Each structure stands twice: as C-alpha cells, then as structure tokens.
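Q: mmCIF, C-alpha atoms, saved as input-v6.cif, coming up:
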data_final
#
loop_
_atom_site.label_atom_id
_atom_site.label_comp_id
_atom_site.auth_asym_id
_atom_site.auth_seq_id
_atom_site.Cartn_x
_atom_site.Cartn_y
_atom_site.Cartn_z
CA MET E 1 45.60 -15.56 30.64
CA SER E 2 44.55 -19.17 30.78
CA GLU E 3 46.61 -21.94 29.21
CA THR E 4 44.08 -22.78 26.52
CA GLY E 5 42.18 -20.30 24.40
CA LYS E 6 38.47 -19.67 24.29
CA ILE E 7 35.97 -19.36 21.45
CA PHE E 8 34.36 -15.94 21.09
CA ILE E 9 31.41 -15.80 18.74
CA VAL E 10 30.91 -12.32 17.29
CA ALA E 11 27.56 -11.86 15.56
CA GLY E 12 25.32 -8.92 14.80
CA PRO E 13 23.23 -7.42 12.04
CA SER E 14 24.63 -6.44 8.68
CA GLY E 15 25.74 -2.82 9.03
CA ALA E 16 26.64 -3.09 12.73
CA GLY E 17 30.30 -2.81 11.80
CA LYS E 18 31.59 -6.22 12.92
CA SER E 19 34.51 -6.36 10.46
CA THR E 20 35.76 -2.85 11.25
CA VAL E 21 35.62 -3.41 15.00
CA LEU E 22 37.36 -6.78 14.69
CA ALA E 23 40.10 -5.30 12.48
CA GLU E 24 40.75 -2.78 15.29
CA LEU E 25 40.69 -5.55 17.93
CA PHE E 26 43.25 -7.64 16.03
CA ARG E 27 45.84 -4.86 15.65
CA GLY E 28 49.01 -6.10 17.34
CA ARG E 29 47.27 -9.06 18.96
CA GLY E 30 49.23 -12.19 18.06
CA ASP E 31 47.37 -14.05 20.81
CA LEU E 32 44.13 -13.97 18.80
CA PHE E 33 43.08 -16.25 15.97
CA TYR E 34 40.64 -15.08 13.30
CA SER E 35 38.61 -17.97 11.94
CA VAL E 36 38.54 -17.88 8.13
CA SER E 37 35.43 -19.48 6.62
CA ALA E 38 35.43 -22.02 3.82
CA THR E 39 33.16 -21.39 0.83
CA THR E 40 32.21 -23.00 -2.46
CA ARG E 41 31.67 -19.68 -4.19
CA ASP E 42 34.23 -18.25 -6.62
CA PRO E 43 36.73 -15.66 -5.38
CA ARG E 44 35.81 -12.07 -6.21
CA PRO E 45 38.46 -9.73 -7.61
CA GLY E 46 40.92 -8.91 -4.85
CA GLU E 47 39.97 -11.84 -2.62
CA ALA E 48 42.80 -14.16 -1.60
CA ASP E 49 42.49 -17.84 -0.69
CA GLY E 50 43.07 -18.37 3.03
CA VAL E 51 42.65 -14.67 3.79
CA ASN E 52 39.07 -13.73 2.91
CA TYR E 53 37.93 -17.32 2.59
CA HIS E 54 39.24 -20.80 2.05
CA PHE E 55 37.92 -21.36 -1.48
CA ILE E 56 37.07 -25.03 -1.86
CA THR E 57 35.10 -27.21 -4.27
CA ALA E 58 31.60 -28.48 -3.63
CA ASP E 59 33.04 -32.01 -3.47
CA ARG E 60 35.49 -31.00 -0.78
CA PHE E 61 32.73 -29.18 1.12
CA ARG E 62 30.54 -32.31 1.03
CA GLN E 63 33.47 -34.41 2.22
CA MET E 64 34.08 -32.02 5.13
CA ILE E 65 30.42 -32.23 6.15
CA ASN E 66 30.66 -36.02 6.13
CA GLU E 67 33.79 -35.80 8.29
CA ASP E 68 32.01 -33.45 10.74
CA ALA E 69 34.80 -31.00 9.99
CA PHE E 70 32.68 -27.83 10.40
CA LEU E 71 31.66 -26.02 13.57
CA GLU E 72 28.79 -24.57 11.53
CA CYS E 73 27.79 -24.41 7.90
CA ALA E 74 25.01 -22.93 5.78
CA GLU E 75 23.84 -22.30 2.26
CA TYR E 76 23.43 -18.71 1.09
CA VAL E 77 22.20 -17.80 -2.40
CA GLY E 78 23.28 -21.16 -3.82
CA ASN E 79 26.75 -21.15 -2.27
CA PHE E 80 27.96 -22.95 0.82
CA TYR E 81 29.84 -21.44 3.74
CA GLY E 82 31.33 -23.11 6.80
CA THR E 83 33.68 -22.65 9.78
CA PRO E 84 36.39 -25.34 9.66
CA LYS E 85 36.82 -26.98 13.05
CA LYS E 86 40.49 -27.98 12.85
CA PRO E 87 42.18 -24.53 12.69
CA VAL E 88 40.00 -23.31 15.58
CA ASP E 89 40.98 -26.26 17.77
CA ALA E 90 44.65 -25.85 16.86
CA ALA E 91 44.49 -22.18 17.88
CA LEU E 92 42.78 -23.00 21.19
CA ALA E 93 45.38 -25.67 21.96
CA ALA E 94 48.11 -23.11 21.27
CA GLY E 95 46.55 -20.82 23.89
CA LYS E 96 45.01 -18.41 21.39
CA ASP E 97 41.47 -17.11 21.59
CA ALA E 98 39.51 -17.96 18.45
CA ILE E 99 37.27 -15.19 17.14
CA LEU E 100 34.38 -16.39 14.96
CA GLU E 101 32.70 -13.62 12.99
CA ILE E 102 29.53 -15.41 11.93
CA GLU E 103 25.82 -15.08 11.27
CA VAL E 104 23.22 -15.56 13.97
CA GLN E 105 22.18 -18.97 12.59
CA GLY E 106 25.80 -20.14 12.44
CA ALA E 107 26.31 -18.87 15.98
CA LYS E 108 23.53 -21.19 17.17
CA GLN E 109 25.20 -24.18 15.55
CA VAL E 110 28.58 -23.37 17.10
CA TYR E 111 27.06 -22.83 20.54
CA ALA E 112 25.23 -26.17 20.35
CA LYS E 113 28.57 -27.90 19.73
CA ARG E 114 30.68 -25.70 22.01
CA PRO E 115 28.54 -24.44 24.89
CA ASP E 116 31.64 -22.93 26.51
CA ALA E 117 31.85 -20.41 23.65
CA ILE E 118 31.25 -16.79 24.69
CA ARG E 119 28.65 -15.02 22.57
CA ILE E 120 28.99 -11.35 21.75
CA PHE E 121 26.42 -9.42 19.75
CA ILE E 122 27.56 -6.20 18.10
CA ILE E 123 24.88 -3.55 17.63
CA PRO E 124 24.90 -0.10 16.09
CA PRO E 125 24.11 2.82 18.43
CA SER E 126 20.54 3.13 17.08
CA TRP E 127 18.18 1.93 14.35
CA GLU E 128 18.54 5.28 12.60
CA GLU E 129 22.33 4.91 12.54
CA LEU E 130 22.04 1.34 11.22
CA GLU E 131 19.83 2.54 8.35
CA ARG E 132 22.20 5.43 7.63
CA ARG E 133 25.18 3.03 7.45
CA LEU E 134 23.38 0.68 5.09
CA VAL E 135 22.36 3.60 2.86
CA ASP E 136 25.90 5.10 2.93
CA ARG E 137 27.38 1.76 1.90
CA GLY E 138 25.58 2.27 -1.39
CA THR E 139 25.51 -1.41 -2.29
CA ASP E 140 21.85 -2.18 -1.63
CA THR E 141 18.54 -1.08 -3.12
CA PRO E 142 16.06 0.67 -0.76
CA GLU E 143 13.98 -2.55 -0.71
CA LYS E 144 17.01 -4.62 0.27
CA ILE E 145 17.91 -2.12 3.00
CA GLN E 146 14.39 -2.37 4.47
CA LYS E 147 14.73 -6.16 4.37
CA ARG E 148 18.09 -5.96 6.18
CA LEU E 149 16.58 -3.68 8.84
CA LEU E 150 13.72 -6.10 9.42
CA ARG E 151 16.16 -9.00 9.63
CA ALA E 152 18.22 -7.00 12.15
CA ARG E 153 15.14 -6.68 14.38
CA VAL E 154 14.51 -10.42 14.14
CA GLU E 155 18.16 -11.19 14.93
CA LEU E 156 18.18 -8.85 17.89
CA ALA E 157 15.60 -11.10 19.53
CA ASP E 158 18.30 -13.81 19.47
CA ALA E 159 20.72 -11.46 21.21
CA ARG E 160 18.81 -12.05 24.47
CA GLU E 161 20.55 -15.42 24.69
CA TYR E 162 23.99 -13.91 24.23
CA ASP E 163 26.48 -13.09 26.97
CA TYR E 164 27.41 -9.58 25.91
CA ILE E 165 26.26 -6.74 23.70
CA VAL E 166 28.95 -4.46 22.32
CA LEU E 167 27.68 -1.08 21.25
CA ASN E 168 29.47 0.09 18.11
CA ASP E 169 29.15 3.80 18.73
CA THR E 170 32.77 4.45 17.81
CA VAL E 171 35.11 1.74 16.56
CA ASP E 172 37.72 2.45 19.26
CA LYS E 173 35.20 2.19 22.08
CA ALA E 174 33.68 -0.99 20.66
CA ALA E 175 37.13 -2.58 20.27
CA GLU E 176 37.98 -1.61 23.86
CA GLU E 177 34.79 -3.27 25.04
CA LEU E 178 35.73 -6.43 23.14
CA ARG E 179 39.22 -6.38 24.70
CA ALA E 180 37.70 -5.99 28.17
CA ILE E 181 35.31 -8.91 27.56
CA LEU E 182 38.14 -11.19 26.36
CA ARG E 183 40.28 -10.28 29.35
CA ALA E 184 37.45 -10.61 31.87
CA GLU E 185 36.47 -14.03 30.51
CA HIS E 186 39.99 -15.25 31.25
CA CYS E 187 39.39 -14.30 34.90
CA ARG E 188 36.45 -16.72 35.18
CA VAL E 189 36.57 -18.78 38.36
CA LYS E 190 36.32 -22.12 36.59
CA ASP E 191 39.46 -21.38 34.57
CA ARG E 192 41.56 -20.25 37.46
CA ILE E 193 40.63 -21.96 40.66
CA ASP E 194 41.92 -25.42 39.89
CA ARG E 195 45.22 -24.10 38.61
CA PHE E 196 45.66 -22.23 41.89
CA LEU E 197 44.62 -25.17 44.06
CA GLU E 198 47.15 -27.42 42.32
CA ARG E 199 50.06 -25.25 43.39
CA MET L 1 28.41 2.33 30.62
CA SER L 2 24.91 1.60 31.88
CA GLU L 3 22.73 4.26 33.45
CA THR L 4 22.82 2.76 36.95
CA GLY L 5 25.89 1.40 38.69
CA LYS L 6 26.57 -2.14 39.79
CA ILE L 7 27.79 -3.66 43.03
CA PHE L 8 31.18 -5.37 42.82
CA ILE L 9 32.11 -7.47 45.83
CA VAL L 10 35.87 -7.80 46.22
CA ALA L 11 36.92 -10.47 48.69
CA GLY L 12 39.97 -12.62 49.17
CA PRO L 13 42.32 -13.90 51.85
CA SER L 14 44.29 -11.62 54.12
CA GLY L 15 47.60 -10.99 52.35
CA ALA L 16 46.15 -11.26 48.82
CA GLY L 17 46.66 -7.51 48.43
CA LYS L 18 43.05 -6.34 48.06
CA SER L 19 43.65 -2.81 49.38
CA THR L 20 46.70 -2.16 47.21
CA VAL L 21 44.98 -3.39 44.05
CA LEU L 22 41.85 -1.35 44.80
CA ALA L 23 43.91 1.79 45.45
CA GLU L 24 45.40 1.33 41.97
CA LEU L 25 41.94 0.70 40.47
CA PHE L 26 40.52 3.89 42.00
CA ARG L 27 43.23 6.21 40.67
CA GLY L 28 41.47 8.80 38.52
CA ARG L 29 38.18 6.94 38.54
CA GLY L 30 35.46 9.34 39.66
CA ASP L 31 32.86 6.89 38.37
CA LEU L 32 33.62 4.43 41.17
CA PHE L 33 32.38 4.49 44.76
CA TYR L 34 34.37 2.88 47.56
CA SER L 35 32.08 1.63 50.30
CA VAL L 36 33.38 2.72 53.72
CA SER L 37 32.37 0.37 56.54
CA ALA L 38 30.84 1.45 59.84
CA THR L 39 32.41 0.15 63.05
CA THR L 40 31.93 0.40 66.81
CA ARG L 41 35.65 0.13 67.53
CA ASP L 42 37.71 3.17 68.47
CA PRO L 43 39.74 4.94 65.76
CA ARG L 44 43.42 4.01 65.72
CA PRO L 45 46.04 6.77 65.42
CA GLY L 46 45.91 8.19 61.90
CA GLU L 47 42.46 6.84 61.09
CA ALA L 48 39.87 9.40 59.99
CA ASP L 49 36.11 9.16 60.38
CA GLY L 50 34.43 8.63 57.03
CA VAL L 51 37.72 7.67 55.34
CA ASN L 52 38.93 4.47 56.98
CA TYR L 53 35.65 3.80 58.74
CA HIS L 54 32.49 5.49 59.86
CA PHE L 55 33.11 5.38 63.62
CA ILE L 56 29.74 4.99 65.35
CA THR L 57 28.46 4.04 68.80
CA ALA L 58 27.11 0.61 69.72
CA ASP L 59 23.68 2.25 70.19
CA ARG L 60 23.74 3.66 66.69
CA PHE L 61 24.93 0.32 65.31
CA ARG L 62 22.03 -1.48 67.02
CA GLN L 63 19.61 1.10 65.68
CA MET L 64 20.95 0.61 62.14
CA ILE L 65 20.50 -3.16 62.45
CA ASN L 66 16.89 -2.59 63.52
CA GLU L 67 16.36 -0.31 60.53
CA ASP L 68 17.85 -2.94 58.19
CA ALA L 69 20.39 -0.27 57.23
CA PHE L 70 23.29 -2.69 56.56
CA LEU L 71 24.02 -4.78 53.50
CA GLU L 72 26.09 -6.99 55.80
CA CYS L 73 27.41 -6.84 59.33
CA ALA L 74 29.53 -8.96 61.64
CA GLU L 75 31.28 -9.04 65.01
CA TYR L 76 35.06 -9.37 65.08
CA VAL L 77 37.03 -9.55 68.34
CA GLY L 78 34.30 -7.80 70.29
CA ASN L 79 33.73 -4.99 67.80
CA PHE L 80 31.02 -4.65 65.18
CA TYR L 81 31.49 -3.88 61.50
CA GLY L 82 28.94 -3.26 58.79
CA THR L 83 28.39 -1.99 55.25
CA PRO L 84 25.82 0.86 55.31
CA LYS L 85 23.20 0.36 52.62
CA LYS L 86 22.24 3.99 51.94
CA PRO L 87 25.54 5.35 50.51
CA VAL L 88 25.83 2.30 48.24
CA ASP L 89 22.32 2.79 46.85
CA ALA L 90 22.95 6.53 46.39
CA ALA L 91 26.11 5.76 44.40
CA LEU L 92 24.31 3.18 42.22
CA ALA L 93 21.50 5.64 41.51
CA ALA L 94 24.11 8.23 40.47
CA GLY L 95 25.48 5.75 37.93
CA LYS L 96 28.58 4.84 39.92
CA ASP L 97 29.78 1.31 40.48
CA ALA L 98 30.03 0.48 44.18
CA ILE L 99 33.11 -1.48 45.22
CA LEU L 100 32.69 -3.44 48.46
CA GLU L 101 35.98 -4.67 49.91
CA ILE L 102 34.66 -7.20 52.40
CA GLU L 103 35.24 -10.54 54.09
CA VAL L 104 33.98 -13.80 52.64
CA GLN L 105 31.19 -14.06 55.23
CA GLY L 106 30.06 -10.49 54.58
CA ALA L 107 30.13 -11.19 50.85
CA LYS L 108 27.62 -14.00 51.38
CA GLN L 109 25.26 -11.65 53.22
CA VAL L 110 25.48 -8.99 50.50
CA TYR L 111 24.93 -11.53 47.74
CA ALA L 112 21.86 -12.92 49.51
CA LYS L 113 20.35 -9.42 49.52
CA ARG L 114 21.69 -8.31 46.13
CA PRO L 115 22.02 -11.34 43.84
CA ASP L 116 22.89 -9.01 40.96
CA ALA L 117 26.18 -8.16 42.70
CA ILE L 118 29.28 -9.35 40.85
CA ARG L 119 31.67 -11.31 43.02
CA ILE L 120 35.41 -11.07 42.52
CA PHE L 121 37.92 -13.05 44.54
CA ILE L 122 41.49 -11.75 44.68
CA ILE L 123 44.18 -14.36 45.14
CA PRO L 124 47.93 -14.17 45.46
CA PRO L 125 49.97 -15.88 42.70
CA SER L 126 50.76 -18.88 44.96
CA TRP L 127 50.52 -20.18 48.50
CA GLU L 128 54.25 -19.60 48.94
CA GLU L 129 53.85 -15.97 47.91
CA LEU L 130 50.89 -15.52 50.28
CA GLU L 131 52.96 -16.86 53.17
CA ARG L 132 55.91 -14.64 52.18
CA ARG L 133 53.66 -11.54 52.14
CA LEU L 134 52.20 -12.33 55.56
CA VAL L 135 55.70 -12.85 56.98
CA ASP L 136 57.05 -9.67 55.35
CA ARG L 137 54.17 -7.65 56.83
CA GLY L 138 55.75 -8.39 60.22
CA THR L 139 52.52 -7.86 62.15
CA ASP L 140 51.63 -11.48 62.95
CA THR L 141 53.21 -14.24 65.00
CA PRO L 142 54.17 -17.46 63.14
CA GLU L 143 51.15 -19.18 64.73
CA LYS L 144 48.81 -16.44 63.53
CA ILE L 145 50.30 -16.63 60.04
CA GLN L 146 49.66 -20.38 59.90
CA LYS L 147 46.09 -19.73 61.04
CA ARG L 148 45.64 -17.11 58.30
CA LEU L 149 46.98 -19.55 55.68
CA LEU L 150 44.56 -22.23 56.82
CA ARG L 151 41.68 -19.74 56.75
CA ALA L 152 42.75 -18.72 53.23
CA ARG L 153 42.40 -22.35 52.08
CA VAL L 154 38.94 -22.55 53.65
CA GLU L 155 37.89 -19.26 52.04
CA LEU L 156 39.19 -20.34 48.65
CA ALA L 157 36.57 -23.10 48.69
CA ASP L 158 33.98 -20.29 48.70
CA ALA L 159 35.61 -18.72 45.67
CA ARG L 160 34.06 -21.47 43.52
CA GLU L 161 30.76 -19.61 43.81
CA TYR L 162 32.28 -16.34 42.67
CA ASP L 163 32.15 -14.89 39.17
CA TYR L 164 35.80 -13.98 38.76
CA ILE L 165 39.21 -14.64 40.22
CA VAL L 166 41.77 -11.87 39.92
CA LEU L 167 45.34 -13.03 40.24
CA ASN L 168 47.41 -10.49 42.13
CA ASP L 169 50.74 -11.29 40.54
CA THR L 170 51.59 -7.64 40.01
CA VAL L 171 49.37 -4.78 41.24
CA ASP L 172 49.15 -3.20 37.76
CA LYS L 173 48.07 -6.44 36.11
CA ALA L 174 45.51 -7.17 38.83
CA ALA L 175 44.08 -3.63 38.58
CA GLU L 176 43.84 -4.02 34.79
CA GLU L 177 41.94 -7.27 35.25
CA LEU L 178 39.52 -5.51 37.62
CA ARG L 179 39.02 -2.70 35.12
CA ALA L 180 38.30 -5.23 32.36
CA ILE L 181 35.77 -7.05 34.56
CA LEU L 182 33.96 -3.81 35.44
CA ARG L 183 33.83 -2.78 31.81
CA ALA L 184 32.76 -6.20 30.52
CA GLU L 185 29.98 -6.41 33.11
CA HIS L 186 28.53 -3.20 31.71
CA CYS L 187 28.27 -4.97 28.32
CA ARG L 188 25.93 -7.62 29.73
CA VAL L 189 22.96 -8.32 27.49
CA LYS L 190 20.35 -7.73 30.18
CA ASP L 191 21.65 -4.19 30.77
CA ARG L 192 21.77 -3.19 27.15
CA ILE L 193 19.15 -4.91 25.08
CA ASP L 194 16.08 -3.14 26.43
CA ARG L 195 17.68 0.26 26.12
CA PHE L 196 18.41 -0.47 22.47
CA LEU L 197 14.96 -1.89 21.72
CA GLU L 198 13.33 1.23 23.18
CA ARG L 199 14.98 3.50 20.63
#
In structure tokens, write the structure found in this file.
A:
Amino acid sequence: MSETGKIFIVAGPSGAGKSTVLAELFRGRGDLFYSVSATTRDPRPGEADGVNYHFITADRFRQMINEDAFLECAEYVGNFYGTPKKPVDAALAAGKDAILEIEVQGAKQVYAKRPDAIRIFIIPPSWEELERRLVDRGTDTPEKIQKRLLRARVELADAREYDYIVLNDTVDKAAEELRAILRAEHCRVKDRIDRFLER
Amino acid sequence: MSETGKIFIVAGPSGAGKSTVLAELFRGRGDLFYSVSATTRDPRPGEADGVNYHFITADRFRQMINEDAFLECAEYVGNFYGTPKKPVDAALAAGKDAILEIEVQGAKQVYAKRPDAIRIFIIPPSWEELERRLVDRGTDTPEKIQKRLLRARVELADAREYDYIVLNDTVDKAAEELRAILRAEHCRVKDRIDRFLER
C-alpha cells in the first residue's frame, strides 16, 4: 500500500446497490474512510448526526461554501448536500483510502478538483434487474420509477469517462471487484517507482 | 470477467522473482494462459519441449519471422527466442488471459503490436535484496552480478511507461497484487459499458 491514501469516487444509478456493496467492502477494513456528507435537511427518524449525515444549518453550509470547504455540493428538493473536504484530506494524510459515495454530478465536481481520484461506476446486471429492484423497494410510484430508469440511462452515458465499472450481480462479487480495484490502484507505477528509486 | 481475455506483460529485472510469483499466481487458475517461448537453443537436462520452451530449428524460426508469427523475438548469446502469436490469440479468443513473462526489450515489441496489453513490472523490495537474491542463487560471478544490478537500474527506467509495479516483498503478497490487477483490469469501462448498453 502507498503511504498516502487515494480518493475513490463511487457513483451509479439509484437502485444499483451502491450502499449495500460499500457496506460489504467496509467490513473489517480500518484502512478505509467513508466520507459522510453534510446536509441542511432535518434528520429523519433513526438517522444519527455524523453517521448518516453531518446535519448542519443553512448558515453553516453557506459559510463552508465561502471557505471552499466542500469537494462538491448540490441542492436537491430544496435541501443542500455537500462532501466536506477536511475529513477526506485528513484520511488521505493518515494513509487511508477515502470512499465517496456520490451522485454523478457531484462526482464531476470532485474530479475537477481532484483529477487523481479514481472513478468507479456501479451498475446493476441489467435494465430489467434495475427496474425490479426499484419496484421491490416499494418506495416509489410507477411514474417515479420510470423517471429513475430514464435518469439511469442518462447517467450511464457519463460512465464512459470513468475508470471502472463494477457489475453488482451479487454483492459479494461486486465487493470483491471493488477490493481488487483499490488494491490494483495502489500498484500504479507513479505511486511506487519513486519510492523504490529513493532506496 | 470479460468475454475475451487480455494480454498481461510481466517483466522485471533478473532476480526480481518473476517465475516464482507467476507459479503462485497460476495455482488453480485454469482461466490463465502461460505463454511458452520458442527457442533455437538446445534443451538443457530436465527441460521439456512445450513446457519450458518450444524447441525449434533455426530454419523454422526464420520461417516464423517471415510469417510474422511472433509477438516479439530476440537473439541472446547466439540463440533466438520468440513469443509465438498463435497460441496467445487462441487463448484470448477462448476468454483466457495470456501472461507473457518476457524481457523489457521484448515487452516493447509486444506493446507496439498490442497497445491494449497491460504492462506489469515486478521489482524486488530493495536494491540490497535484489543483490542478496542474485548472490544466493550462486550461479553468477561477482562481476556478472554487478552487471545484472546495473542492467536492473537501466530497465527500471523503462518501468515508468508501465501500468503497474508489483513489489515482490513476499511471494504471496506479490501474487495477490497480480490477481487484483487482473481482476481490476476486467472492470475497465471500455470492456463493460457496451455489453451493458446492448441489453
């Protein structure tokens, strides 16, 4: 492993199973840092500050924007969401890889600021399976599901710019692919050659 | 895994432990193809045709050059060595990854013909360790060892062009890194996105 960590952006359509795959990836991995987003929305029942989100005021959010304290931020249905820069940089400095589970638009912002970030797009095994998962979730109306499926097709066009696509066929296999990508990226020539030459 | 295999070039200085690491990588992996070189030199005691090398005549070697049947070839101390193209392409078509354990110069020739090949450079943990391994091998004179060490430094300059550096600290760790690289490379966007879009 290299001495400093790397940023891994994990994006993908709603219903691809990002959270489940990442939960599997993080099991027993103290060398990974999960970036918790800040938001101005109110906590929902069961949500804990600093775990699901950092719940902050609109004033504080504005202040953080002015301080350039976000790697990315966006408004969604009247609430604001952002990835705080400081905890990510602290993790990287401590040699941990920082995993950013974010939306495609947020991913673009992060990549513009940190072009050394590695971009991973998680996809479901097929369009049919994606639709089935969204239906099974039971939280969306049929119209909303069709809108999500259309958005997924639009977002997949962005995936062409990414480094990797992880196929979430089964959670275990997808998590293994993520582990392999993290490990392989630490074997990159640019990270290793100078350290060897110095010896 | 993708439907067709990929070429992985594995190079590195003499004494880096390429053969040992690859032997560990190949254990139980029927999905990998080890490219056996052709040579015009005579078999040494214990060497088997088709296992260590394909032992062929100078006439046949010349004919294969004329037929453009090598991915790379070179002369070394009066004998000729080459990587036959056909078995590699057959393996790729069968969905196997082809592993080419070759010299730095041969790697350049292969990469010129197959720019989609992934290049991995195996290095020992340190220069001191490389020297110790060459001494322990007991096959070279001190002068020859110094020459090998100098050549290793020259070859390492080429490693800057490679995709990955695998650090052969322990054989198990190095083989794990190779496995991760192979797996990660099969998650590349270009290999996966069109197959998903087709569905």
Q: Take the point (32.6, 3.5, 18.2) in the file's coordinates, draw a sphere of radius 12 Å around it, and report as number ranges by chain every protein, DNA or RNA residue with an atom inside or on it, counting all atoms listed in the file.
A: E: 16-18, 20-22, 24, 122-125, 129, 166-178
Q: Taking all atoms listed in the file into account, report as a ChimeraX atom specification which residues of chain E lie within 7 Å of chain L.
A: /E:126,160,162-166,177,180-181,183-184,187-189,192,196,199
Q: Just write the chosen residues, C-alpha atoms, as a compact mmCIF listing (two decimals), keeping the file's coordinate frame.
A:
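Printed below is part12.txt as written:
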# COMPACT_ATOMS: atom_id res chain seq x y z
CA SER E 126 20.54 3.13 17.08
CA ARG E 160 18.81 -12.05 24.47
CA TYR E 162 23.99 -13.91 24.23
CA ASP E 163 26.48 -13.09 26.97
CA TYR E 164 27.41 -9.58 25.91
CA ILE E 165 26.26 -6.74 23.70
CA VAL E 166 28.95 -4.46 22.32
CA GLU E 177 34.79 -3.27 25.04
CA ALA E 180 37.70 -5.99 28.17
CA ILE E 181 35.31 -8.91 27.56
CA ARG E 183 40.28 -10.28 29.35
CA ALA E 184 37.45 -10.61 31.87
CA CYS E 187 39.39 -14.30 34.90
CA ARG E 188 36.45 -16.72 35.18
CA VAL E 189 36.57 -18.78 38.36
CA ARG E 192 41.56 -20.25 37.46
CA PHE E 196 45.66 -22.23 41.89
CA ARG E 199 50.06 -25.25 43.39
Q: Spell out the residues picked by the PyMOL selection byres ((chain L and resi 28-30) around 12) here, as a list in words.
A: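 Matching residues under the PyMOL selection byres ((chain L and resi 28-30) around 12) are Leu22, Ala23, Glu24, Leu25, Phe26, Arg27, Asp31, Leu32, Phe33, Tyr34, Ala91, Ala94, Gly95, Lys96, Asp97, Ala98, Ile99, Arg179 and Leu182 of chain L.
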Q: So how many Å separate CA of Val104 (chain E) and CA of Val135 (chain E), to one decimal?
A: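 Separation between CA of Val104 (chain E) and CA of Val135 (chain E): 22.2 Å.
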Q: Take CA of Ile9 (chain E) and CA of Leu71 (chain E) and report the distance between them in Å, one decimal.
A: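 About the pair CA of Ile9 (chain E) and CA of Leu71 (chain E): they are 11.5 Å apart.
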Q: Applied to this file, what does the PyMOL selection byres ((chain E and resi 78) around 12) return in terms of residues, put as number ranges by chain?
A: E: 39-42, 58, 74-77, 79-81
Q: Regenerate region 65-81 of chain E at the level of N, CA and C atoms and dump it as a PDB file, in the frame of the given file.
A:
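part_32.pdb written:
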ATOM      1  N   ILE E  65      31.657 -32.015   5.376  1.00  0.00           N
ATOM      2  CA  ILE E  65      30.420 -32.230   6.150  1.00  0.00           C
ATOM      3  C   ILE E  65      30.363 -33.669   6.648  1.00  0.00           C
ATOM      4  N   ASN E  66      30.684 -34.604   5.751  1.00  0.00           N
ATOM      5  CA  ASN E  66      30.660 -36.020   6.130  1.00  0.00           C
ATOM      6  C   ASN E  66      31.646 -36.326   7.255  1.00  0.00           C
ATOM      7  N   GLU E  67      32.761 -35.594   7.259  1.00  0.00           N
ATOM      8  CA  GLU E  67      33.790 -35.800   8.290  1.00  0.00           C
ATOM      9  C   GLU E  67      33.488 -35.007   9.570  1.00  0.00           C
ATOM     10  N   ASP E  68      32.355 -34.310   9.605  1.00  0.00           N
ATOM     11  CA  ASP E  68      32.010 -33.450  10.740  1.00  0.00           C
ATOM     12  C   ASP E  68      33.129 -32.431  11.001  1.00  0.00           C
ATOM     13  N   ALA E  69      33.631 -31.878   9.900  1.00  0.00           N
ATOM     14  CA  ALA E  69      34.800 -31.000   9.990  1.00  0.00           C
ATOM     15  C   ALA E  69      34.423 -29.516  10.120  1.00  0.00           C
ATOM     16  N   PHE E  70      33.117 -29.223  10.235  1.00  0.00           N
ATOM     17  CA  PHE E  70      32.680 -27.830  10.400  1.00  0.00           C
ATOM     18  C   PHE E  70      32.083 -27.599  11.790  1.00  0.00           C
ATOM     19  N   LEU E  71      32.354 -26.439  12.344  1.00  0.00           N
ATOM     20  CA  LEU E  71      31.660 -26.020  13.570  1.00  0.00           C
ATOM     21  C   LEU E  71      30.260 -25.530  13.240  1.00  0.00           C
ATOM     22  N   GLU E  72      30.095 -25.006  12.038  1.00  0.00           N
ATOM     23  CA  GLU E  72      28.790 -24.570  11.530  1.00  0.00           C
ATOM     24  C   GLU E  72      28.905 -24.456  10.030  1.00  0.00           C
ATOM     25  N   CYS E  73      27.790 -24.651   9.331  1.00  0.00           N
ATOM     26  CA  CYS E  73      27.790 -24.410   7.900  1.00  0.00           C
ATOM     27  C   CYS E  73      26.381 -24.073   7.428  1.00  0.00           C
ATOM     28  N   ALA E  74      26.305 -23.381   6.280  1.00  0.00           N
ATOM     29  CA  ALA E  74      25.010 -22.930   5.780  1.00  0.00           C
ATOM     30  C   ALA E  74      25.088 -22.663   4.293  1.00  0.00           C
ATOM     31  N   GLU E  75      23.912 -22.669   3.657  1.00  0.00           N
ATOM     32  CA  GLU E  75      23.840 -22.300   2.260  1.00  0.00           C
ATOM     33  C   GLU E  75      23.332 -20.861   2.177  1.00  0.00           C
ATOM     34  N   TYR E  76      23.896 -20.085   1.271  1.00  0.00           N
ATOM     35  CA  TYR E  76      23.430 -18.710   1.090  1.00  0.00           C
ATOM     36  C   TYR E  76      23.494 -18.382  -0.390  1.00  0.00           C
ATOM     37  N   VAL E  77      22.334 -18.120  -0.971  1.00  0.00           N
ATOM     38  CA  VAL E  77      22.200 -17.800  -2.400  1.00  0.00           C
ATOM     39  C   VAL E  77      22.947 -18.818  -3.267  1.00  0.00           C
ATOM     40  N   GLY E  78      22.726 -20.108  -2.969  1.00  0.00           N
ATOM     41  CA  GLY E  78      23.280 -21.160  -3.820  1.00  0.00           C
ATOM     42  C   GLY E  78      24.723 -21.535  -3.542  1.00  0.00           C
ATOM     43  N   ASN E  79      25.382 -20.784  -2.641  1.00  0.00           N
ATOM     44  CA  ASN E  79      26.750 -21.150  -2.270  1.00  0.00           C
ATOM     45  C   ASN E  79      26.790 -21.634  -0.829  1.00  0.00           C
ATOM     46  N   PHE E  80      27.836 -22.401  -0.515  1.00  0.00           N
ATOM     47  CA  PHE E  80      27.960 -22.950   0.820  1.00  0.00           C
ATOM     48  C   PHE E  80      29.098 -22.283   1.580  1.00  0.00           C
ATOM     49  N   TYR E  81      28.873 -22.106   2.869  1.00  0.00           N
ATOM     50  CA  TYR E  81      29.840 -21.440   3.740  1.00  0.00           C
ATOM     51  C   TYR E  81      29.973 -22.270   5.016  1.00  0.00           C
TER      52      TYR E  81
END
